[in-house]
$ cat work_3.cif   # mmCIF, C-alpha atoms
data_model
#
loop_
_atom_site.label_atom_id
_atom_site.label_comp_id
_atom_site.auth_asym_id
_atom_site.auth_seq_id
_atom_site.Cartn_x
_atom_site.Cartn_y
_atom_site.Cartn_z
CA MET A 1 -1.69 3.71 -13.27
CA ILE A 2 1.18 1.65 -11.95
CA GLY A 3 2.86 3.25 -8.94
CA LEU A 4 5.62 2.95 -6.40
CA SER A 5 5.36 3.78 -2.72
CA THR A 6 7.47 4.39 0.35
CA TYR A 7 7.21 0.62 0.92
CA ALA A 8 9.09 0.07 -2.35
CA PHE A 9 12.03 1.88 -0.70
CA PHE A 10 11.33 0.54 2.78
CA TRP A 11 14.91 -0.24 3.85
CA GLN A 12 16.46 2.65 1.95
CA HIS A 13 14.48 5.25 3.89
CA SER A 14 14.63 3.36 7.19
CA ASP A 15 16.88 4.13 10.15
CA ARG A 16 19.05 1.17 9.08
CA ALA A 17 20.22 3.11 6.04
CA PRO A 18 23.52 5.03 6.46
CA GLU A 19 21.89 7.96 4.63
CA PRO A 20 18.12 7.38 4.54
CA LEU A 21 16.34 8.45 1.38
CA THR A 22 14.22 11.56 1.81
CA LEU A 23 10.72 11.79 0.40
CA SER A 24 12.03 14.10 -2.32
CA GLU A 25 14.69 11.56 -3.27
CA MET A 26 12.06 8.82 -3.51
CA LEU A 27 10.08 11.03 -5.89
CA TYR A 28 13.17 11.52 -8.07
CA ARG A 29 13.75 7.74 -8.09
CA THR A 30 10.13 7.24 -9.11
CA ARG A 31 10.52 9.64 -12.03
CA GLU A 32 13.78 7.95 -13.09
CA ALA A 33 11.86 4.66 -13.24
CA GLY A 34 9.33 6.20 -15.61
CA VAL A 35 6.54 5.96 -13.04
CA ASP A 36 3.79 8.60 -12.75
CA LEU A 37 2.29 7.63 -9.36
CA PHE A 38 3.74 7.60 -5.85
CA GLN A 39 1.96 6.63 -2.64
CA VAL A 40 3.33 8.17 0.56
CA CYS A 41 2.28 5.32 2.83
CA ASP A 42 2.89 4.97 6.58
CA TYR A 43 5.71 7.52 6.31
CA ALA A 44 6.09 8.81 9.86
CA PRO A 45 8.09 12.00 9.10
CA LEU A 46 5.16 13.36 7.09
CA LEU A 47 3.28 14.41 10.22
CA SER A 48 6.17 16.64 11.26
CA TYR A 49 6.30 18.52 7.94
CA SER A 50 5.49 22.20 8.00
CA ALA A 51 2.92 23.68 5.64
CA ALA A 52 5.77 24.96 3.48
CA GLU A 53 7.42 21.53 3.37
CA LEU A 54 4.16 19.84 2.36
CA GLN A 55 3.68 22.39 -0.40
CA GLY A 56 7.26 21.78 -1.47
CA ILE A 57 6.55 18.07 -1.95
CA ARG A 58 3.44 18.91 -3.96
CA SER A 59 5.41 21.32 -6.14
CA LEU A 60 8.17 18.78 -6.73
CA ALA A 61 5.64 16.08 -7.64
CA ASP A 62 3.95 18.47 -10.05
CA ASP A 63 7.29 19.36 -11.64
CA LEU A 64 8.11 15.67 -12.06
CA GLY A 65 4.68 14.80 -13.42
CA ILE A 66 3.91 12.48 -10.49
CA THR A 67 0.45 11.97 -9.00
CA LEU A 68 0.49 11.57 -5.21
CA GLU A 69 -1.56 9.26 -3.01
CA LEU A 70 -1.49 8.88 0.77
CA GLY A 71 -1.53 5.97 3.21
CA THR A 72 -1.92 5.83 6.96
CA LYS A 73 -3.28 3.64 9.76
CA GLY A 74 -6.28 4.24 11.98
CA LEU A 75 -9.66 5.93 11.76
CA GLN A 76 -9.66 8.37 14.66
CA THR A 77 -11.48 11.57 13.72
CA GLU A 78 -8.63 14.03 14.20
CA HIS A 79 -6.15 11.72 12.48
CA LEU A 80 -8.28 11.31 9.36
CA ALA A 81 -8.94 15.05 9.29
CA THR A 82 -5.18 15.63 9.31
CA PHE A 83 -4.64 13.29 6.39
CA LEU A 84 -7.51 14.77 4.46
CA SER A 85 -5.89 18.18 4.82
CA ILE A 86 -2.55 16.79 3.62
CA ALA A 87 -4.35 15.13 0.71
CA GLU A 88 -5.80 18.46 -0.29
CA VAL A 89 -2.33 20.08 -0.24
CA PHE A 90 -0.92 17.17 -2.28
CA GLY A 91 -3.81 17.15 -4.73
CA ALA A 92 -4.30 13.52 -3.73
CA THR A 93 -7.69 11.93 -4.27
CA PHE A 94 -6.87 8.64 -2.53
CA VAL A 95 -6.08 7.88 1.12
CA ARG A 96 -5.48 4.29 2.23
CA SER A 97 -6.03 3.47 5.88
CA MET A 98 -6.45 0.48 8.17
CA VAL A 99 -9.06 -0.18 10.82
CA ASN A 100 -6.50 -0.50 13.60
CA ALA A 101 -3.61 1.78 14.46
CA PRO A 102 -0.72 1.21 16.88
CA ASP A 103 -2.67 3.08 19.57
CA SER A 104 -6.25 2.21 18.54
CA THR A 105 -8.19 -1.05 18.09
CA PRO A 106 -11.84 -0.02 17.76
CA THR A 107 -14.70 -2.49 17.63
CA LEU A 108 -16.60 -2.82 14.37
CA VAL A 109 -19.45 -0.79 15.86
CA GLU A 110 -16.99 1.96 16.75
CA VAL A 111 -15.45 1.76 13.29
CA GLU A 112 -18.82 2.35 11.67
CA SER A 113 -19.36 5.41 13.85
CA LEU A 114 -15.89 6.78 13.07
CA LEU A 115 -16.41 6.30 9.34
CA ARG A 116 -19.81 8.00 9.37
CA ALA A 117 -18.24 10.96 11.16
CA ALA A 118 -15.29 11.29 8.78
CA LEU A 119 -16.70 10.48 5.36
CA PRO A 120 -18.84 13.56 4.68
CA ALA A 121 -15.66 15.65 4.56
CA PHE A 122 -14.01 13.11 2.24
CA GLU A 123 -17.07 13.14 0.00
CA ALA A 124 -17.05 16.95 -0.15
CA ALA A 125 -13.34 16.98 -1.00
CA GLY A 126 -13.64 14.29 -3.67
CA VAL A 127 -11.17 12.06 -1.83
CA THR A 128 -11.55 8.28 -1.50
CA LEU A 129 -10.81 6.55 1.82
CA ALA A 130 -9.91 2.91 1.11
CA LEU A 131 -9.53 0.41 3.97
CA GLU A 132 -6.87 -2.22 3.41
CA THR A 133 -7.39 -5.97 3.61
CA TYR A 134 -5.18 -7.47 6.30
CA GLU A 135 -5.14 -10.15 8.93
CA GLN A 136 -6.52 -8.12 11.85
CA VAL A 137 -9.93 -7.65 10.23
CA SER A 138 -11.51 -10.33 8.06
CA SER A 139 -12.35 -9.43 4.48
CA THR A 140 -15.94 -10.42 5.25
CA ASP A 141 -16.13 -7.83 8.04
CA LEU A 142 -14.43 -5.23 5.86
CA VAL A 143 -16.93 -5.74 3.05
CA ALA A 144 -19.81 -5.59 5.54
CA LEU A 145 -18.52 -2.24 6.83
CA VAL A 146 -18.28 -0.78 3.35
CA GLU A 147 -21.75 -2.02 2.44
CA THR A 148 -23.30 -0.77 5.68
CA VAL A 149 -21.76 2.70 5.59
CA ALA A 150 -22.48 2.93 1.85
CA SER A 151 -20.53 6.10 1.16
CA PRO A 152 -19.30 6.85 -2.37
CA ALA A 153 -16.03 7.95 -0.77
CA LEU A 154 -15.41 4.61 0.98
CA GLY A 155 -13.80 1.57 -0.58
CA ILE A 156 -11.16 -1.10 -0.13
CA THR A 157 -7.44 -1.29 -0.79
CA LEU A 158 -6.84 -4.85 -1.93
CA ASP A 159 -3.70 -6.61 -0.74
CA PRO A 160 -4.50 -10.34 -0.76
CA ALA A 161 -1.10 -11.28 0.69
CA ASN A 162 -1.93 -9.65 4.04
CA SER A 163 -4.92 -11.84 4.78
CA VAL A 164 -3.01 -15.11 4.46
CA ALA A 165 -2.01 -14.77 8.13
CA ALA A 166 -5.70 -15.06 9.07
CA LEU A 167 -6.03 -18.21 6.94
CA GLU A 168 -7.98 -16.42 4.23
CA HIS A 169 -7.18 -17.68 0.76
CA PRO A 170 -5.97 -14.87 -1.51
CA ARG A 171 -8.38 -15.81 -4.32
CA ASP A 172 -11.30 -15.69 -1.88
CA VAL A 173 -10.23 -12.24 -0.67
CA VAL A 174 -9.94 -10.97 -4.24
CA GLU A 175 -13.37 -12.26 -5.23
CA ARG A 176 -15.09 -11.09 -2.04
CA THR A 177 -13.75 -7.55 -2.15
CA ALA A 178 -13.65 -6.98 -5.92
CA PRO A 179 -16.80 -4.82 -6.23
CA TYR A 180 -15.48 -2.40 -3.60
CA VAL A 181 -11.79 -2.20 -4.53
CA ARG A 182 -10.53 1.33 -5.14
CA GLY A 183 -6.79 0.68 -4.96
CA ILE A 184 -4.42 -2.30 -5.12
CA HIS A 185 -1.14 -3.03 -3.34
CA VAL A 186 0.76 -5.47 -5.52
CA LYS A 187 3.29 -7.80 -3.96
CA ASP A 188 4.10 -11.46 -4.43
CA PHE A 189 4.79 -13.88 -1.60
CA ALA A 190 5.79 -17.45 -0.90
CA PHE A 191 6.23 -19.92 1.95
CA SER A 192 9.63 -21.44 2.62
CA ARG A 193 10.67 -24.03 5.18
CA ARG A 194 12.53 -22.73 8.20
CA GLY A 195 15.77 -24.23 9.47
CA GLY A 196 15.45 -27.92 10.27
CA TRP A 197 12.13 -27.93 8.40
CA VAL A 198 10.43 -26.72 11.58
CA GLY A 199 7.60 -24.49 10.39
CA PHE A 200 7.38 -22.02 7.53
CA THR A 201 8.27 -18.42 6.77
CA LEU A 202 5.90 -16.31 4.67
CA GLU A 203 7.87 -13.61 2.91
CA GLY A 204 8.01 -11.56 -0.23
CA VAL A 205 9.38 -12.62 -3.60
CA PRO A 206 9.59 -10.84 -6.98
CA LEU A 207 6.30 -10.65 -8.87
CA GLY A 208 5.51 -13.74 -10.90
CA THR A 209 7.69 -16.05 -8.81
CA GLY A 210 5.38 -16.71 -5.86
CA LEU A 211 1.81 -17.58 -4.92
CA LEU A 212 0.00 -14.42 -6.01
CA ASP A 213 -2.36 -15.30 -8.87
CA TYR A 214 -2.01 -11.91 -10.51
CA ASP A 215 -3.92 -12.88 -13.64
CA HIS A 216 -6.89 -13.90 -11.51
CA LEU A 217 -6.69 -10.65 -9.56
CA VAL A 218 -6.73 -8.56 -12.74
CA SER A 219 -9.49 -10.54 -14.43
CA THR A 220 -11.65 -10.31 -11.31
CA VAL A 221 -11.05 -6.69 -10.25
CA ARG A 222 -10.49 -5.25 -13.78
CA PRO A 223 -8.28 -2.34 -12.63
CA GLY A 224 -7.63 -0.97 -16.13
CA GLU A 225 -11.31 -0.90 -16.98
CA ARG A 226 -12.27 0.65 -13.64
CA GLY A 227 -9.41 3.15 -13.29
CA ILE A 228 -7.92 1.46 -10.23
CA ASN A 229 -4.26 2.20 -9.53
CA GLN A 230 -1.79 -0.58 -8.71
CA VAL A 231 0.97 0.34 -6.26
CA ILE A 232 4.04 -1.86 -5.86
CA GLU A 233 5.11 -2.92 -2.36
CA HIS A 234 7.59 -5.49 -1.05
CA TRP A 235 8.00 -7.96 1.77
CA LEU A 236 11.76 -7.97 1.30
CA THR A 237 13.46 -9.27 4.44
CA TRP A 238 16.75 -7.77 5.63
CA ARG A 239 19.81 -9.42 4.13
CA ASP A 240 23.39 -9.55 5.45
CA SER A 241 24.08 -5.86 4.92
CA PHE A 242 22.43 -2.61 3.95
CA ASP A 243 24.17 -2.61 0.56
CA GLU A 244 22.86 -6.07 -0.29
CA THR A 245 19.36 -5.26 0.93
CA ALA A 246 19.22 -1.97 -0.99
CA ARG A 247 20.52 -3.64 -4.14
CA LEU A 248 17.75 -6.23 -3.98
CA GLU A 249 15.12 -3.60 -3.20
CA ASN A 250 16.08 -1.70 -6.35
CA GLU A 251 16.23 -4.92 -8.40
CA TRP A 252 12.76 -5.90 -7.20
CA ASN A 253 11.42 -2.47 -8.14
CA SER A 254 12.79 -2.82 -11.66
CA HIS A 255 11.59 -6.42 -12.02
CA ASN A 256 8.12 -5.71 -10.65
CA LEU A 257 7.62 -2.67 -12.84
CA SER A 258 8.63 -4.70 -15.88
CA TYR A 259 6.29 -7.50 -14.84
CA LEU A 260 3.27 -5.21 -14.44
CA ARG A 261 4.01 -3.35 -17.65
CA SER A 262 4.28 -6.62 -19.57
CA LYS A 263 0.83 -7.57 -18.31
CA GLN A 264 -0.63 -4.31 -19.59
CA SER A 265 0.84 -4.59 -23.06
#
$ encode --input "work_3.cif" --output "structure tokens"
Amino acid sequence: MIGLSTYAFFWQHSDRAPEPLTLSEMLYRTREAGVDLFQVCDYAPLLSYSAAELQGIRSLADDLGITLELGTKGLQTEHLATFLSIAEVFGATFVRSMVNAPDSTPTLVEVESLLRAALPAFEAAGVTLALETYEQVSSTDLVALVETVASPALGITLDPANSVAALEHPRDVVERTAPYVRGIHVKDFAFSRRGGWVGFTLEGVPLGTGLLDYDHLVSTVRPGERGINQVIEHWLTWRDSFDETARLENEWNSHNLSYLRSKQS
């Protein structure tokens, strides 16, 4: 499936919005866009939800015909257990995480131990834990972890844009991780010269207008054939005002959905 996520409404649910979108409102927006998948990713308020509020989100998603996924950061035992319990309430079978969290930077040896402790519960629940490619951990190390732990519940969330900051070429990241990919974050990106031509800025652009070789990604990973969901994200930088930023965010959502749908037809 093609999906949206909290990152597709990043500025509109942020504290810079005059009236931040709620999670329920993002689900309604997702339904209005004709999308059947929504990933609640790095959404801080979620951890303060009561059991009744979590069930309310699940009920709303069910009513709207939307499948839910989850995303977080970190691999600490209690934290993953919390997200597994939320996944079970949401009926989610996919949890994206990252090796590091704001308060945790484990070594690779520690990561292996944390994964071995957490994954039996994920396996029993039928939930996939997919570690995202990004600049803080090389794709080579990430693949080695997945191969070493060798759990059917462990895989990779592919976002080739993230690894550019570690001087990994996106095509290399795609090809290296392809056998283990269980989810994809889709965003395009481009370099532009900074003022005075002193250095570059790497930022997001609408799909099909930047450096992401989407056709190569699809032909290599084969998401349709393998049942791998593709979730739209943005690196949309703040513009002059909230209204302008929100307008662009919504335009990018519409454009990117059209782009992905055209590639599936």
$ resolve_selection --input "work_3.cif" --expression "the PyMOL selection byres ((chain A and resi 243) around 12)" --output "ChimeraX atom specification"
/A:11-12,16-19,238-242,244-250
$ residues_around --input "work_3.cif" --residues "range 46-49 of chain A" --least-positions-apart "5" --cutoff "9 Å" --atoms "only C-alpha atoms" --output "PyMOL selection string"
chain A and resi 23+40+54+82-83
$ closest_residue --input "work_3.cif" --among "A:Val205, A:Ala153, A:Leu114, A:Val137" --to "Leu167 in chain A" --atoms "only C-alpha atoms"
A:Val137
$ resolve_selection --input "work_3.cif" --expression "the PyMOL selection byres ((chain A and resi 86) around 12)" --output "PyMOL selection string"
chain A and resi 40+46-55+57-58+68-72+79-85+87-95+125+127
$ write_last_selection --input "work_3.cif" --atoms "C-alpha atoms" --output "short mmCIF file (atom, residue, chain, number, x, y, z; two decimals), in the coordinates of the input"
data_model
loop_
_atom_site.label_atom_id
_atom_site.label_comp_id
_atom_site.auth_asym_id
_atom_site.auth_seq_id
_atom_site.Cartn_x
_atom_site.Cartn_y
_atom_site.Cartn_z
CA VAL A 40 3.33 8.17 0.56
CA LEU A 46 5.16 13.36 7.09
CA LEU A 47 3.28 14.41 10.22
CA SER A 48 6.17 16.64 11.26
CA TYR A 49 6.30 18.52 7.94
CA SER A 50 5.49 22.20 8.00
CA ALA A 51 2.92 23.68 5.64
CA ALA A 52 5.77 24.96 3.48
CA GLU A 53 7.42 21.53 3.37
CA LEU A 54 4.16 19.84 2.36
CA GLN A 55 3.68 22.39 -0.40
CA ILE A 57 6.55 18.07 -1.95
CA ARG A 58 3.44 18.91 -3.96
CA LEU A 68 0.49 11.57 -5.21
CA GLU A 69 -1.56 9.26 -3.01
CA LEU A 70 -1.49 8.88 0.77
CA GLY A 71 -1.53 5.97 3.21
CA THR A 72 -1.92 5.83 6.96
CA HIS A 79 -6.15 11.72 12.48
CA LEU A 80 -8.28 11.31 9.36
CA ALA A 81 -8.94 15.05 9.29
CA THR A 82 -5.18 15.63 9.31
CA PHE A 83 -4.64 13.29 6.39
CA LEU A 84 -7.51 14.77 4.46
CA SER A 85 -5.89 18.18 4.82
CA ALA A 87 -4.35 15.13 0.71
CA GLU A 88 -5.80 18.46 -0.29
CA VAL A 89 -2.33 20.08 -0.24
CA PHE A 90 -0.92 17.17 -2.28
CA GLY A 91 -3.81 17.15 -4.73
CA ALA A 92 -4.30 13.52 -3.73
CA THR A 93 -7.69 11.93 -4.27
CA PHE A 94 -6.87 8.64 -2.53
CA VAL A 95 -6.08 7.88 1.12
CA ALA A 125 -13.34 16.98 -1.00
CA VAL A 127 -11.17 12.06 -1.83
#
$ atom_distance --input "work_3.cif" --atom1 "CA of Ile232 in chain A" --atom2 "CA of Thr105 in chain A"
26.9 Å
$ resolve_selection --input "work_3.cif" --expression "the PyMOL selection byres ((chain A and resi 181) around 9)" --output "PyMOL selection string"
chain A and resi 130+155-158+174+177-180+182-184+221+223+228
$ residues_around --input "work_3.cif" --residues "Phe189 in chain A" --least-positions-apart "4" --cutoff "10 Å" --atoms "only C-alpha atoms" --output "compact mmCIF listing (two decimals) with C-alpha atoms, in the frame of the given file"
# COMPACT_ATOMS: atom_id res chain seq x y z
CA PRO A 160 -4.50 -10.34 -0.76
CA ALA A 161 -1.10 -11.28 0.69
CA ASN A 162 -1.93 -9.65 4.04
CA VAL A 164 -3.01 -15.11 4.46
CA LEU A 202 5.90 -16.31 4.67
CA GLU A 203 7.87 -13.61 2.91
CA GLY A 204 8.01 -11.56 -0.23
CA VAL A 205 9.38 -12.62 -3.60
CA PRO A 206 9.59 -10.84 -6.98
CA LEU A 207 6.30 -10.65 -8.87
CA GLY A 208 5.51 -13.74 -10.90
CA THR A 209 7.69 -16.05 -8.81
CA GLY A 210 5.38 -16.71 -5.86
CA LEU A 211 1.81 -17.58 -4.92
CA LEU A 212 0.00 -14.42 -6.01
CA HIS A 234 7.59 -5.49 -1.05
CA TRP A 235 8.00 -7.96 1.77
CA LEU A 236 11.76 -7.97 1.30
$ closest_residue --input "work_3.cif" --among "A:Thr201, A:Asn229, A:Ser265, A:Asn100" --to "Asp36 in chain A" --atoms "all atoms listed in the file"
A:Asn229
$ atom_distance --input "work_3.cif" --atom1 "CA of Thr77 in chain A" --atom2 "CA of Ala8 in chain A"
28.5 Å
$ residues_around --input "work_3.cif" --residues "Ser139 in chain A" --least-positions-apart "4" --cutoff "8 Å" --atoms "only C-alpha atoms" --output "PDB file with C-alpha atoms, in the frame of the given file"
ATOM      1  CA  THR A 133      -7.390  -5.970   3.610  1.00  0.00           C
ATOM      2  CA  TYR A 134      -5.180  -7.470   6.300  1.00  0.00           C
ATOM      3  CA  VAL A 143     -16.930  -5.740   3.050  1.00  0.00           C
ATOM      4  CA  SER A 163      -4.920 -11.840   4.780  1.00  0.00           C
ATOM      5  CA  VAL A 173     -10.230 -12.240  -0.670  1.00  0.00           C
ATOM      6  CA  ARG A 176     -15.090 -11.090  -2.040  1.00  0.00           C
ATOM      7  CA  THR A 177     -13.750  -7.550  -2.150  1.00  0.00           C
TER       8      THR A 177
END
$ residues_around --input "work_3.cif" --residues "Gln230 in chain A" --least-positions-apart "3" --cutoff "7 Å" --atoms "only C-alpha atoms" --output "ChimeraX atom specification"
/A:1-3,183-186
$ residues_around --input "work_3.cif" --residues "Tyr28 in chain A" --least-positions-apart "5" --cutoff "12 Å" --atoms "all atoms listed in the file" --output "VMD selection string"
chain A and resid 4 21 to 23 33 to 38 57 60 to 66
$ atom_distance --input "work_3.cif" --atom1 "CA of Leu145 in chain A" --atom2 "CA of Arg116 in chain A"
10.6 Å
$ axis_aligned_box --input "work_3.cif" --around "range 106-123 of chain A" --padding-each-side "6 Å" --output "JSON"
{"center_x": -15.8, "center_y": 6.4, "center_z": 8.9, "size_x": 20.0, "size_y": 30.5, "size_z": 29.8}
